[in-house]
Amino acid sequence: MQTQPFPGLFRSLRSGGLILLTTLMLAGCAGPNLEDYQGQAPELVPSEFFRGELSARGVVKDYAGQVIRTFDADIVASWDENGVGTLDEVFRFNDGEVQTRIWTLTPDNGSYHASAGDVVEAGTMRWQGNAIHMNYVLRVAYGDGTIDVRMDDWMYLVTPDTLINQTTMSKWGVDVGEVVLVIQKHESGAVPQN
């Protein structure tokens with residue numbers, strides 16, 4: 001028997017359907033616009049920042065904003081002669097779980113087509129000024145199975161070697177969690193010891 005990941009959601013939609021639908025539609029219109037970051041420094045160029053060895057530390061929050069997991073990650077980034085990027089990521093969570101993800105960033109008319117093995121709806125990586133935006137659907141483990149979660153991913157370069165990444169996770173248009181992490185670029189390929 002399959003369990004409902006959000007059992008009260010459908011009941012809420014029936015009882016307050018119109019109000020909730022209107023709220024969700026208005027919320028979908030709000031939020032940052034990539035063009036707002038035009039001219040912001042330091043300039044974030046994906047093929048320059050994501051090169052060599054990087055590390056990350058972050059938290060996973062639930063729908064109420066409570067931190068439910070912490071993690072660190074190692075990222076090895078490279079680009080081939082055709083401008084295709086590969087981000088090889090290894091995440092280590094505080095509960096012992098280890099996840100790997102290999103992103104492929106393929107040039108596409110001034111942006112990148114962003115795909116990975118557990119990304120069931122690939123995203124488009126666009127950037128302007130010091131910001132990057134991606135929106136994609138990630139398949140994640142849930143109970144005995146998996147669910148598909150929409151990821152709205154914003155990255156901000158705050159120094160030439162430090163990037164802050166904030167990702168809102170949603171299901172059926174409702175925010176269900178958030179991931180916040182800091183990615184650090186390392187000189188000479190040196191990765192700090194944990």
# chains A, B, ... in the order shown; residues from 1 in each chain; ligands from 1
>>> residues_around(residues="Asp161 of chain A", least_positions_apart="4", cutoff="8 Å", atoms="only C-alpha atoms", output="compact mmCIF listing (two decimals) with N, CA, C and O atoms, in the first residue's frame")
# COMPACT_ATOMS: atom_id res chain seq x y z
N PHE A 49 33.33 29.77 -11.84
CA PHE A 49 33.23 29.41 -10.42
C PHE A 49 33.26 27.89 -10.23
O PHE A 49 33.97 27.38 -9.37
N LEU A 157 26.73 34.67 -5.61
CA LEU A 157 28.16 34.78 -5.36
C LEU A 157 28.39 35.99 -4.46
O LEU A 157 28.06 37.11 -4.84
N GLN A 184 32.20 26.61 -1.24
CA GLN A 184 33.50 27.28 -1.18
C GLN A 184 34.41 26.73 -2.26
O GLN A 184 34.57 25.52 -2.39
N LYS A 185 34.99 27.62 -3.06
CA LYS A 185 35.94 27.25 -4.10
C LYS A 185 37.32 27.19 -3.47
O LYS A 185 37.67 28.04 -2.65
N HIS A 186 38.13 26.20 -3.83
CA HIS A 186 39.45 26.02 -3.23
C HIS A 186 40.55 26.28 -4.23
O HIS A 186 40.47 25.87 -5.38
>>> residues_around(residues="Arg101 of chain A", least_positions_apart="3", cutoff="7 Å", atoms="only C-alpha atoms", output="VMD selection string")
chain A and resid 88 to 90 116
>>> write_last_selection(atoms="N, CA, C and O atoms", output="PDB file, in the first residue's frame")
ATOM      1  N   ASP A  88      30.522  16.729 -10.264  1.00  0.00           N
ATOM      2  CA  ASP A  88      30.463  15.435  -9.584  1.00  0.00           C
ATOM      3  C   ASP A  88      30.369  15.716  -8.086  1.00  0.00           C
ATOM      4  O   ASP A  88      31.331  16.179  -7.468  1.00  0.00           O
ATOM      5  N   GLU A  89      29.189  15.457  -7.497  1.00  0.00           N
ATOM      6  CA  GLU A  89      28.912  15.830  -6.113  1.00  0.00           C
ATOM      7  C   GLU A  89      28.766  14.600  -5.222  1.00  0.00           C
ATOM      8  O   GLU A  89      28.102  13.626  -5.605  1.00  0.00           O
ATOM      9  N   VAL A  90      29.339  14.659  -4.019  1.00  0.00           N
ATOM     10  CA  VAL A  90      29.156  13.622  -2.994  1.00  0.00           C
ATOM     11  C   VAL A  90      28.699  14.322  -1.726  1.00  0.00           C
ATOM     12  O   VAL A  90      29.412  15.180  -1.189  1.00  0.00           O
ATOM     13  N   ALA A 116      20.737  15.412 -14.498  1.00  0.00           N
ATOM     14  CA  ALA A 116      21.426  14.473 -13.616  1.00  0.00           C
ATOM     15  C   ALA A 116      20.571  13.219 -13.519  1.00  0.00           C
ATOM     16  O   ALA A 116      19.380  13.238 -13.882  1.00  0.00           O
TER      17      ALA A 116
END
>>> closest_atom_pairs(of="segment 79-158 of chain A", to="segment 53-74 of chain A", cutoff="10 Å", atoms="only C-alpha atoms", output="CSV")
residue,atom,partner,partner_atom,distance
A:Leu87,CA,A:Glu53,CA,9.7
A:Asp88,CA,A:Asp74,CA,8.2
A:Glu89,CA,A:Asp74,CA,5.8
A:Val90,CA,A:Ala73,CA,5.4
A:Phe91,CA,A:Ala73,CA,4.3
A:Arg92,CA,A:Phe71,CA,5.4
A:Phe93,CA,A:Phe71,CA,4.2
A:Asn94,CA,A:Thr70,CA,5.6
A:Asp95,CA,A:Arg69,CA,7.5
A:Gly96,CA,A:Phe71,CA,9.5
A:Glu97,CA,A:Phe71,CA,9.4
A:Val98,CA,A:Phe71,CA,9.4
A:Gln99,CA,A:Ala73,CA,9.3
A:Thr100,CA,A:Ala73,CA,9.3
>>> write_last_selection(atoms="all heavy atoms", output="mmCIF file, in the first residue's frame")
data_model
loop_
_atom_site.group_PDB
_atom_site.id
_atom_site.type_symbol
_atom_site.label_atom_id
_atom_site.label_comp_id
_atom_site.auth_asym_id
_atom_site.auth_seq_id
_atom_site.Cartn_x
_atom_site.Cartn_y
_atom_site.Cartn_z
ATOM 1 N N LEU A 87 29.560 18.409 -12.948
ATOM 2 C CA LEU A 87 29.697 18.631 -11.508
ATOM 3 C C LEU A 87 29.469 17.293 -10.823
ATOM 4 O O LEU A 87 28.355 16.774 -10.815
ATOM 5 C CB LEU A 87 28.685 19.656 -10.991
ATOM 6 C CG LEU A 87 28.613 21.014 -11.685
ATOM 7 C CD1 LEU A 87 27.592 21.917 -11.000
ATOM 8 C CD2 LEU A 87 29.960 21.682 -11.707
ATOM 9 N N ASP A 88 30.522 16.729 -10.264
ATOM 10 C CA ASP A 88 30.463 15.435 -9.584
ATOM 11 C C ASP A 88 30.369 15.716 -8.086
ATOM 12 O O ASP A 88 31.331 16.179 -7.468
ATOM 13 C CB ASP A 88 31.720 14.631 -9.925
ATOM 14 C CG ASP A 88 31.631 13.191 -9.475
ATOM 15 O OD1 ASP A 88 30.771 12.872 -8.621
ATOM 16 O OD2 ASP A 88 32.430 12.377 -9.959
ATOM 17 N N GLU A 89 29.189 15.457 -7.497
ATOM 18 C CA GLU A 89 28.912 15.830 -6.113
ATOM 19 C C GLU A 89 28.766 14.600 -5.222
ATOM 20 O O GLU A 89 28.102 13.626 -5.605
ATOM 21 C CB GLU A 89 27.613 16.638 -6.031
ATOM 22 C CG GLU A 89 27.597 17.868 -6.922
ATOM 23 C CD GLU A 89 26.246 18.559 -6.962
ATOM 24 O OE1 GLU A 89 25.204 17.869 -6.819
ATOM 25 O OE2 GLU A 89 26.225 19.779 -7.142
ATOM 26 N N VAL A 90 29.339 14.659 -4.019
ATOM 27 C CA VAL A 90 29.156 13.622 -2.994
ATOM 28 C C VAL A 90 28.699 14.322 -1.726
ATOM 29 O O VAL A 90 29.412 15.180 -1.189
ATOM 30 C CB VAL A 90 30.465 12.842 -2.727
ATOM 31 C CG1 VAL A 90 30.235 11.804 -1.634
ATOM 32 C CG2 VAL A 90 30.979 12.179 -3.996
ATOM 33 N N PHE A 91 27.484 13.982 -1.258
ATOM 34 C CA PHE A 91 26.907 14.567 -0.054
ATOM 35 C C PHE A 91 26.977 13.567 1.093
ATOM 36 O O PHE A 91 26.611 12.402 0.931
ATOM 37 C CB PHE A 91 25.433 14.934 -0.288
ATOM 38 C CG PHE A 91 25.229 16.012 -1.300
ATOM 39 C CD1 PHE A 91 25.099 15.707 -2.652
ATOM 40 C CD2 PHE A 91 25.158 17.342 -0.912
ATOM 41 C CE1 PHE A 91 24.906 16.703 -3.593
ATOM 42 C CE2 PHE A 91 24.965 18.346 -1.849
ATOM 43 C CZ PHE A 91 24.842 18.025 -3.188
ATOM 44 N N ARG A 92 27.398 14.019 2.273
ATOM 45 C CA ARG A 92 27.431 13.194 3.481
ATOM 46 C C ARG A 92 26.540 13.859 4.525
ATOM 47 O O ARG A 92 26.830 14.979 4.983
ATOM 48 C CB ARG A 92 28.867 13.068 3.996
ATOM 49 C CG ARG A 92 29.764 12.244 3.078
ATOM 50 C CD ARG A 92 31.225 12.307 3.509
ATOM 51 N NE ARG A 92 31.748 13.664 3.460
ATOM 52 C CZ ARG A 92 32.164 14.265 2.346
ATOM 53 N NH1 ARG A 92 32.136 13.633 1.186
ATOM 54 N NH2 ARG A 92 32.615 15.509 2.381
ATOM 55 N N PHE A 93 25.449 13.172 4.897
ATOM 56 C CA PHE A 93 24.488 13.725 5.847
ATOM 57 C C PHE A 93 24.822 13.290 7.269
ATOM 58 O O PHE A 93 25.464 12.265 7.489
ATOM 59 C CB PHE A 93 23.070 13.277 5.474
ATOM 60 C CG PHE A 93 22.584 13.900 4.189
ATOM 61 C CD1 PHE A 93 22.854 13.300 2.968
ATOM 62 C CD2 PHE A 93 21.878 15.087 4.202
ATOM 63 C CE1 PHE A 93 22.421 13.871 1.781
ATOM 64 C CE2 PHE A 93 21.442 15.672 3.025
ATOM 65 C CZ PHE A 93 21.712 15.053 1.807
ATOM 66 N N ASN A 94 24.350 14.066 8.249
ATOM 67 C CA ASN A 94 24.661 13.787 9.646
ATOM 68 C C ASN A 94 24.049 12.476 10.142
ATOM 69 O O ASN A 94 24.482 11.949 11.167
ATOM 70 C CB ASN A 94 24.218 14.951 10.542
ATOM 71 C CG ASN A 94 22.710 15.181 10.515
ATOM 72 O OD1 ASN A 94 22.090 15.209 9.450
ATOM 73 N ND2 ASN A 94 22.120 15.371 11.673
ATOM 74 N N ASP A 95 23.068 11.916 9.426
ATOM 75 C CA ASP A 95 22.496 10.628 9.834
ATOM 76 C C ASP A 95 23.207 9.450 9.175
ATOM 77 O O ASP A 95 22.779 8.306 9.299
ATOM 78 C CB ASP A 95 20.997 10.580 9.523
ATOM 79 C CG ASP A 95 20.684 10.808 8.041
ATOM 80 O OD1 ASP A 95 21.628 10.830 7.207
ATOM 81 O OD2 ASP A 95 19.494 10.966 7.712
ATOM 82 N N GLY A 96 24.294 9.713 8.471
ATOM 83 C CA GLY A 96 25.083 8.648 7.862
ATOM 84 C C GLY A 96 24.805 8.393 6.398
ATOM 85 O O GLY A 96 25.570 7.696 5.729
ATOM 86 N N GLU A 97 23.734 8.951 5.856
ATOM 87 C CA GLU A 97 23.429 8.727 4.440
ATOM 88 C C GLU A 97 24.451 9.444 3.560
ATOM 89 O O GLU A 97 24.892 10.558 3.863
ATOM 90 C CB GLU A 97 22.033 9.246 4.096
ATOM 91 C CG GLU A 97 21.666 8.996 2.634
ATOM 92 C CD GLU A 97 20.309 9.545 2.232
ATOM 93 O OE1 GLU A 97 19.609 10.139 3.069
ATOM 94 O OE2 GLU A 97 19.962 9.382 1.046
ATOM 95 N N VAL A 98 24.830 8.800 2.472
ATOM 96 C CA VAL A 98 25.710 9.393 1.470
ATOM 97 C C VAL A 98 24.963 9.390 0.141
ATOM 98 O O VAL A 98 24.407 8.374 -0.259
ATOM 99 C CB VAL A 98 27.037 8.608 1.337
ATOM 100 C CG1 VAL A 98 27.901 9.189 0.217
ATOM 101 C CG2 VAL A 98 27.798 8.611 2.661
ATOM 102 N N GLN A 99 24.908 10.543 -0.512
ATOM 103 C CA GLN A 99 24.264 10.663 -1.826
ATOM 104 C C GLN A 99 25.283 11.174 -2.828
ATOM 105 O O GLN A 99 26.131 11.999 -2.491
ATOM 106 C CB GLN A 99 23.104 11.666 -1.785
ATOM 107 C CG GLN A 99 21.897 11.258 -1.017
ATOM 108 C CD GLN A 99 20.807 12.329 -1.098
ATOM 109 O OE1 GLN A 99 20.906 13.313 -1.841
ATOM 110 N NE2 GLN A 99 19.763 12.147 -0.315
ATOM 111 N N THR A 100 25.160 10.689 -4.055
ATOM 112 C CA THR A 100 25.996 11.210 -5.132
ATOM 113 C C THR A 100 25.092 11.732 -6.239
ATOM 114 O O THR A 100 23.982 11.218 -6.441
ATOM 115 C CB THR A 100 26.942 10.136 -5.702
ATOM 116 O OG1 THR A 100 26.156 9.062 -6.219
ATOM 117 C CG2 THR A 100 27.884 9.612 -4.641
#
>>> closest_residue(among="A:Gln166, A:Gly110, A:Tyr136, A:Ser47", to="Val179 of chain A", atoms="only C-alpha atoms")
A:Gln166
>>> residues_around(residues="Asn130 of chain A", least_positions_apart="2", cutoff="6 Å", atoms="only C-alpha atoms", output="ChimeraX atom specification")
/A:40-44,156-157
>>> atom_distance(atom1="atom CA of Ile132 of chain A", atom2="atom CA of Val119 of chain A")
18.0 Å
